[in-house]
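*Asks:* Got a file for you: query11.cif, mmCIF, C-alpha atoms and all ligand atoms.
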```
data_input
loop_
_atom_site.label_atom_id
_atom_site.label_comp_id
_atom_site.auth_asym_id
_atom_site.auth_seq_id
_atom_site.Cartn_x
_atom_site.Cartn_y
_atom_site.Cartn_z
CA MET A 20 102.12 63.87 107.00
CA ARG A 21 98.36 63.82 106.69
CA LYS A 22 97.21 64.04 103.06
CA ILE A 23 95.39 67.19 102.02
CA ASN A 24 91.98 66.19 100.64
CA ILE A 25 90.32 69.38 99.33
CA GLY A 26 89.48 68.30 95.78
CA LEU A 27 92.78 69.43 94.23
CA SER A 28 95.56 67.01 93.25
CA ASP A 29 99.17 67.44 94.45
CA GLU A 30 100.03 68.64 90.96
CA GLN A 31 97.21 71.20 90.92
CA ARG A 32 98.23 72.57 94.32
CA ALA A 33 101.91 72.68 93.31
CA GLY A 34 101.04 74.54 90.11
CA VAL A 35 98.97 77.09 91.98
CA CYS A 36 101.68 77.56 94.64
CA GLU A 37 104.29 78.26 91.98
CA LEU A 38 102.09 81.11 90.70
CA LEU A 39 101.49 82.36 94.25
CA ASN A 40 105.24 82.36 94.94
CA ARG A 41 105.88 84.41 91.78
CA ASP A 42 103.27 86.92 92.94
CA LEU A 43 104.75 86.91 96.45
CA ALA A 44 108.23 87.66 95.05
CA ASP A 45 106.89 90.58 93.00
CA ALA A 46 104.88 91.94 95.93
CA TYR A 47 108.08 91.95 98.01
CA LEU A 48 110.11 93.66 95.28
CA VAL A 49 107.53 96.40 94.80
CA LEU A 50 107.27 96.75 98.61
CA ILE A 51 111.03 97.35 98.87
CA LYS A 52 110.93 99.94 96.09
CA THR A 53 107.86 101.67 97.57
CA LYS A 54 109.55 101.91 100.97
CA LYS A 55 112.81 103.25 99.52
CA PHE A 56 110.93 105.92 97.57
CA HIS A 57 108.94 106.80 100.72
CA TRP A 58 112.30 107.55 102.35
CA ASP A 59 114.03 109.27 99.42
CA VAL A 60 111.35 111.43 97.79
CA VAL A 61 111.85 115.21 97.75
CA GLY A 62 109.98 118.07 96.08
CA PRO A 63 106.68 119.94 96.29
CA GLN A 64 104.67 116.70 96.51
CA PHE A 65 106.84 115.24 99.26
CA ARG A 66 104.10 115.07 101.88
CA SER A 67 101.49 113.48 99.60
CA LEU A 68 103.84 110.90 98.10
CA HIS A 69 105.52 110.11 101.44
CA GLN A 70 102.09 109.40 102.95
CA LEU A 71 100.68 107.55 99.93
CA TRP A 72 103.70 105.24 99.85
CA GLU A 73 103.36 104.53 103.54
CA GLU A 74 99.73 103.49 102.98
CA GLN A 75 100.71 101.39 99.97
CA TYR A 76 103.54 99.53 101.68
CA GLN A 77 101.28 98.77 104.62
CA ALA A 78 98.70 97.28 102.21
CA LEU A 79 101.45 95.37 100.39
CA THR A 80 102.74 93.97 103.71
CA THR A 81 99.26 92.62 104.51
CA ASN A 82 99.00 91.10 101.02
CA ILE A 83 102.43 89.47 101.24
CA ASP A 84 101.39 87.73 104.44
CA ALA A 85 98.15 86.55 102.83
CA LEU A 86 100.03 85.22 99.76
CA ALA A 87 102.53 83.32 101.91
CA GLU A 88 99.82 81.86 104.13
CA ARG A 89 97.79 80.77 101.11
CA VAL A 90 100.84 78.82 99.89
CA ARG A 91 100.94 77.11 103.32
CA THR A 92 97.16 76.54 103.17
CA LEU A 93 97.73 74.62 99.94
CA GLY A 94 100.44 72.45 101.53
CA ASN A 95 103.58 74.12 100.17
CA TYR A 96 106.19 76.61 101.37
CA PRO A 97 106.47 80.30 100.45
CA VAL A 98 109.66 81.90 99.09
CA GLY A 99 111.34 83.97 101.78
CA THR A 100 114.85 85.04 100.80
CA ALA A 101 116.01 88.13 98.92
CA SER A 102 117.71 85.98 96.29
CA ASP A 103 114.49 84.02 95.69
CA PHE A 104 112.46 87.23 95.39
CA ILE A 105 114.78 88.33 92.57
CA LYS A 106 114.85 84.84 91.03
CA TYR A 107 111.07 84.37 90.92
CA GLY A 108 109.92 87.99 90.58
CA SER A 109 109.48 89.99 87.38
CA ILE A 110 109.97 93.50 88.86
CA LYS A 111 113.31 95.18 88.18
CA GLU A 112 115.09 96.64 91.21
CA GLN A 113 115.88 100.35 91.39
CA SER A 114 119.63 100.97 91.00
CA ASP A 115 121.71 103.14 93.34
CA ASN A 116 120.69 106.54 91.97
CA ILE A 117 117.84 108.57 93.47
CA PRO A 118 115.25 109.35 90.74
CA LEU A 119 113.17 112.53 90.57
CA ALA A 120 109.75 112.23 92.25
CA THR A 121 107.91 111.95 88.91
CA GLU A 122 110.32 109.22 87.78
CA MET A 123 109.72 107.33 91.03
CA VAL A 124 105.97 107.50 90.43
CA SER A 125 106.37 106.45 86.80
CA GLN A 126 108.50 103.44 87.76
CA LEU A 127 105.95 102.30 90.33
CA VAL A 128 103.09 102.67 87.82
CA ASP A 129 105.06 100.40 85.45
CA ASP A 130 105.68 97.89 88.26
CA HIS A 131 102.05 97.77 89.40
CA GLU A 132 100.90 97.42 85.79
CA GLN A 133 103.33 94.51 85.32
CA ILE A 134 101.93 92.87 88.47
CA ILE A 135 98.34 93.44 87.26
CA ARG A 136 99.11 91.73 83.92
CA ASN A 137 100.76 88.81 85.74
CA LEU A 138 97.83 88.47 88.15
CA ARG A 139 95.28 88.58 85.32
CA ASP A 140 97.13 85.70 83.66
CA HIS A 141 97.46 83.79 86.96
CA VAL A 142 93.73 84.17 87.71
CA ASP A 143 92.98 82.50 84.36
CA GLN A 144 95.52 79.75 84.96
CA CYS A 145 94.21 79.02 88.49
CA SER A 146 90.67 78.69 87.28
CA GLU A 147 91.15 77.06 83.85
CA GLU A 148 94.32 74.98 84.24
CA PHE A 149 94.22 74.07 87.94
CA SER A 150 90.46 74.29 88.74
CA ASP A 151 91.24 76.32 91.88
CA GLN A 152 88.46 78.89 92.07
CA GLY A 153 89.49 79.88 95.60
CA THR A 154 92.94 81.09 94.55
CA ALA A 155 91.52 82.65 91.38
CA ASP A 156 89.16 84.69 93.56
CA PHE A 157 91.96 85.59 96.01
CA LEU A 158 94.26 86.78 93.20
CA THR A 159 91.41 88.74 91.59
CA GLY A 160 91.08 90.71 94.83
CA LEU A 161 94.82 91.44 94.85
CA MET A 162 94.68 92.49 91.19
CA GLU A 163 91.93 95.01 91.99
CA GLN A 164 94.08 96.46 94.78
CA HIS A 165 97.04 96.89 92.41
CA GLU A 166 94.72 98.51 89.86
CA GLU A 167 93.73 101.07 92.49
CA MET A 168 97.37 101.64 93.54
CA ALA A 169 98.36 102.17 89.88
CA TRP A 170 95.48 104.63 89.39
CA MET A 171 96.49 106.67 92.46
CA LEU A 172 100.09 106.85 91.27
CA ARG A 173 99.15 107.56 87.65
CA SER A 174 97.06 110.50 88.85
CA PHE A 175 100.21 112.23 90.13
CA ILE A 176 101.81 112.38 86.68
CA GLU A 177 98.78 112.99 84.48
CA GLY A 178 98.98 116.72 83.88
CA GLU A 179 95.72 117.36 82.07
CA SER A 180 92.21 116.40 83.09
CA LEU A 181 90.01 114.67 80.49
CA MET A 182 86.25 114.30 80.09
CA SER A 183 84.65 110.89 80.59
CA ASP A 184 84.77 110.34 76.80
CA GLY A 185 88.52 111.05 76.79
CA ALA A 186 88.15 114.57 75.30
CA LYS A 187 89.94 117.56 76.80
CA PRO A 188 87.52 119.87 78.65
CA SER A 189 86.74 123.00 76.61
CA ALA A 190 86.37 126.41 78.22
CA GLU A 191 82.53 126.26 78.01
CA LYS A 192 82.37 122.95 79.87
CA ILE A 193 84.34 124.23 82.85
CA PRO A 194 81.84 125.41 85.48
CA VAL A 195 81.71 129.21 85.74
CA LYS A 196 82.93 130.52 89.04
CA MET A 197 80.13 132.39 90.87
CA ASN A 198 80.85 135.64 92.66
FE FE B 201 107.97 105.88 107.32
#
```
How would this structure read if it were set down as structure tokens?

*Replies:*
Amino acid sequence: MRKINIGLSDEQRAGVCELLNRDLADAYLVLIKTKKFHWDVVGPQFRSLHQLWEEQYQALTTNIDALAERVRTLGNYPVGTASDFIKYGSIKEQSDNIPLATEMVSQLVDDHEQIIRNLRDHVDQCSEEFSDQGTADFLTGLMEQHEEMAWMLRSFIEGESLMSDGAKPSAEKIPVKMN
């Protein structure tokens, strides 16, 4: 096989691909959970959550493909079995019961936040330990997407609006309704 000569050693590329495979496994696990909740959700917010989760699993599907193809770009092979997703991922699977809609949202916020923390750490490792700025940049983009997904989900379960300084809006600050 022709040697890959892109300024990264075999060890550097292998180290980066291990991180990418961990992120790929987690992306698949959160995809499965997002899709199941898209099917199972009931309640007054059914339509909004059903649609949001469809959008999110479509974005996750695109990202999974990009993660796997980046592993191939760096000369290694992506994980691709359910058992490997569980082995290399950090997301816990949803058990057999069907949670309430708010519990589904809460679980997914936790999962996306876990993925964001992992990605933040992997960005640092790619750039500092493996000198792979390309993958660091790629994973930064994914992290930003998960931050947005977590924000959208979090917004469903935050009951009270806050001011930009974190204070609760007082009656005087709420715009007066004009007749
Ligand atoms: Fe659907």

*Asks:* Residues within 9 Å of ligand FE 201 (chain B) (all atoms listed in the file), as an MDAnalysis selection string?

*Replies:* chainID A and resid 54 57:58 69:70 72:73

*Asks:* Any idea what the distance is between CA of Gln152 in chain A and CA of Ser109 in chain A?

*Replies:*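 Between CA of Gln152 in chain A and CA of Ser109 in chain A the gap works out to 24.2 Å.
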
*Asks:* My list of candidates is A:Ala120, A:Leu79, A:Leu172, A:Ile105. Which is closest to Pro63 in chain A when distances are computed with all atoms listed in the file?

*Replies:*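 Among the listed residues, the smallest separation from Pro63 in chain A belongs to A:Ala120.
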
*Asks:* Counting only C-alpha atoms, select every polymer residue within 12 Å of (114.3, 110.0, 100.3) as defined in the file's coordinates, and provide the selection as a PyMOL selection string.

*Replies:* chain A and resi 52-62+65-66+68-69+72+116-120+123

*Asks:* Could you please take those selected residues and save C-alpha atoms as an mmCIF file, keeping the file's coordinate frame?

*Replies:*
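Below you can see part_18.cif, which holds the result:
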```
data_model
loop_
_atom_site.group_PDB
_atom_site.id
_atom_site.type_symbol
_atom_site.label_atom_id
_atom_site.label_comp_id
_atom_site.auth_asym_id
_atom_site.auth_seq_id
_atom_site.Cartn_x
_atom_site.Cartn_y
_atom_site.Cartn_z
ATOM 1 C CA LYS A 52 110.930 99.940 96.090
ATOM 2 C CA THR A 53 107.860 101.670 97.570
ATOM 3 C CA LYS A 54 109.550 101.910 100.970
ATOM 4 C CA LYS A 55 112.810 103.250 99.520
ATOM 5 C CA PHE A 56 110.930 105.920 97.570
ATOM 6 C CA HIS A 57 108.940 106.800 100.720
ATOM 7 C CA TRP A 58 112.300 107.550 102.350
ATOM 8 C CA ASP A 59 114.030 109.270 99.420
ATOM 9 C CA VAL A 60 111.350 111.430 97.790
ATOM 10 C CA VAL A 61 111.850 115.210 97.750
ATOM 11 C CA GLY A 62 109.980 118.070 96.080
ATOM 12 C CA PHE A 65 106.840 115.240 99.260
ATOM 13 C CA ARG A 66 104.100 115.070 101.880
ATOM 14 C CA LEU A 68 103.840 110.900 98.100
ATOM 15 C CA HIS A 69 105.520 110.110 101.440
ATOM 16 C CA TRP A 72 103.700 105.240 99.850
ATOM 17 C CA ASN A 116 120.690 106.540 91.970
ATOM 18 C CA ILE A 117 117.840 108.570 93.470
ATOM 19 C CA PRO A 118 115.250 109.350 90.740
ATOM 20 C CA LEU A 119 113.170 112.530 90.570
ATOM 21 C CA ALA A 120 109.750 112.230 92.250
ATOM 22 C CA MET A 123 109.720 107.330 91.030
#
```

*Asks:* May I have the residues within 12 Å of Leu43 in chain A as a ChimeraX atom specification, using all atoms listed in the file and disregarding those fewer than 6 positions away in the same chain?

*Replies:* /A:36-37,49-50,79-90,96-101,103-110,134,137-138,158,161

*Asks:* Using all atoms listed in the file for the distances, tell me which of A:Asn95, A:Gln75, A:Thr159, A:Ser150 is nearest to Ile135 in chain A.

*Replies:*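 Result for the nearest residue to Ile135 in chain A: A:Thr159.
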
*Asks:* When distances are computed from only C-alpha atoms, which of A:Gly34, A:Gln64, A:Met171, A:Arg139 shows the smallest separation from Asp156 in chain A?

*Replies:*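 Of the candidates, the smallest distance to Asp156 in chain A is held by A:Arg139.
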
*Asks:* Could you tell me how far CA of Asp45 in chain A lies from CA of Glu112 in chain A, in Å and to one decimal?

*Replies:*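 Atom-to-atom, CA of Asp45 in chain A and CA of Glu112 in chain A are spaced 10.4 Å apart.
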
*Asks:* Let me make sure I understand: among A:Arg91, A:Gly160, A:Ala44, A:Leu71, which one has the smallest atom-to-atom distance to Val124 in chain A if we use only C-alpha atoms?

*Replies:*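 Of all the options, A:Leu71 lies closest to Val124 in chain A.
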
*Asks:* Measuring between only C-alpha atoms, which one of A:Gln113, A:Gln144, A:Thr121, A:Gln133 shows the shortest distance to Gln31 in chain A?

*Replies:*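 Closest candidate: A:Gln144.
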
*Asks:* Using only C-alpha atoms, pick whichever of A:Val142, A:Leu127, A:Leu39, A:Leu48 has the shortest atom-to-atom distance to Ala169 in chain A.

*Replies:* A:Leu127

*Asks:* Take CA of Glu74 in chain A and CA of Leu93 in chain A and report the distance between them in Å, one decimal.

*Replies:*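 Here the two named atoms are 29.1 Å from each other.
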
*Asks:* Complete range 79-98 of chain A with N, CA and C atoms (output as an mmCIF file, in the coordinates of the input).

*Replies:*
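Below you can see selection-v6.cif, which holds the result:
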```cif
data_model
loop_
_atom_site.group_PDB
_atom_site.id
_atom_site.type_symbol
_atom_site.label_atom_id
_atom_site.label_comp_id
_atom_site.auth_asym_id
_atom_site.auth_seq_id
_atom_site.Cartn_x
_atom_site.Cartn_y
_atom_site.Cartn_z
ATOM 1 N N LEU A 79 100.635 96.426 101.011
ATOM 2 C CA LEU A 79 101.450 95.370 100.390
ATOM 3 C C LEU A 79 101.937 94.370 101.449
ATOM 4 N N THR A 80 102.288 94.867 102.633
ATOM 5 C CA THR A 80 102.740 93.970 103.710
ATOM 6 C C THR A 80 101.633 92.983 104.089
ATOM 7 N N THR A 81 100.408 93.488 104.193
ATOM 8 C CA THR A 81 99.260 92.620 104.510
ATOM 9 C C THR A 81 99.084 91.570 103.407
ATOM 10 N N ASN A 82 99.199 92.016 102.151
ATOM 11 C CA ASN A 82 99.000 91.100 101.020
ATOM 12 C C ASN A 82 100.081 90.027 100.944
ATOM 13 N N ILE A 83 101.313 90.435 101.258
ATOM 14 C CA ILE A 83 102.430 89.470 101.240
ATOM 15 C C ILE A 83 102.161 88.356 102.246
ATOM 16 N N ASP A 84 101.699 88.727 103.426
ATOM 17 C CA ASP A 84 101.390 87.730 104.440
ATOM 18 C C ASP A 84 100.279 86.793 103.964
ATOM 19 N N ALA A 85 99.269 87.371 103.324
ATOM 20 C CA ALA A 85 98.150 86.550 102.830
ATOM 21 C C ALA A 85 98.620 85.605 101.721
ATOM 22 N N LEU A 86 99.505 86.085 100.834
ATOM 23 C CA LEU A 86 100.030 85.220 99.760
ATOM 24 C C LEU A 86 100.822 84.053 100.363
ATOM 25 N N ALA A 87 101.695 84.373 101.313
ATOM 26 C CA ALA A 87 102.530 83.320 101.910
ATOM 27 C C ALA A 87 101.662 82.301 102.646
ATOM 28 N N GLU A 88 100.662 82.784 103.357
ATOM 29 C CA GLU A 88 99.820 81.860 104.130
ATOM 30 C C GLU A 88 98.900 81.048 103.232
ATOM 31 N N ARG A 89 98.572 81.576 102.063
ATOM 32 C CA ARG A 89 97.790 80.770 101.110
ATOM 33 C C ARG A 89 98.653 79.629 100.553
ATOM 34 N N VAL A 90 99.938 79.899 100.325
ATOM 35 C CA VAL A 90 100.840 78.820 99.890
ATOM 36 C C VAL A 90 100.875 77.719 100.963
ATOM 37 N N ARG A 91 100.959 78.099 102.236
ATOM 38 C CA ARG A 91 100.940 77.110 103.320
ATOM 39 C C ARG A 91 99.596 76.383 103.376
ATOM 40 N N THR A 92 98.511 77.134 103.164
ATOM 41 C CA THR A 92 97.160 76.540 103.170
ATOM 42 C C THR A 92 97.068 75.418 102.143
ATOM 43 N N LEU A 93 97.777 75.608 101.020
ATOM 44 C CA LEU A 93 97.730 74.620 99.940
ATOM 45 C C LEU A 93 98.858 73.589 100.061
ATOM 46 N N GLY A 94 99.513 73.541 101.226
ATOM 47 C CA GLY A 94 100.440 72.450 101.530
ATOM 48 C C GLY A 94 101.856 72.647 101.041
ATOM 49 N N ASN A 95 102.214 73.871 100.627
ATOM 50 C CA ASN A 95 103.580 74.120 100.170
ATOM 51 C C ASN A 95 104.228 75.221 101.003
ATOM 52 N N TYR A 96 105.435 75.618 100.605
ATOM 53 C CA TYR A 96 106.190 76.610 101.370
ATOM 54 C C TYR A 96 106.436 77.871 100.548
ATOM 55 N N PRO A 97 106.257 79.049 101.183
ATOM 56 C CA PRO A 97 106.470 80.300 100.450
ATOM 57 C C PRO A 97 107.961 80.619 100.290
ATOM 58 N N VAL A 98 108.293 81.369 99.223
ATOM 59 C CA VAL A 98 109.660 81.900 99.090
ATOM 60 C C VAL A 98 109.865 82.918 100.209
#
```
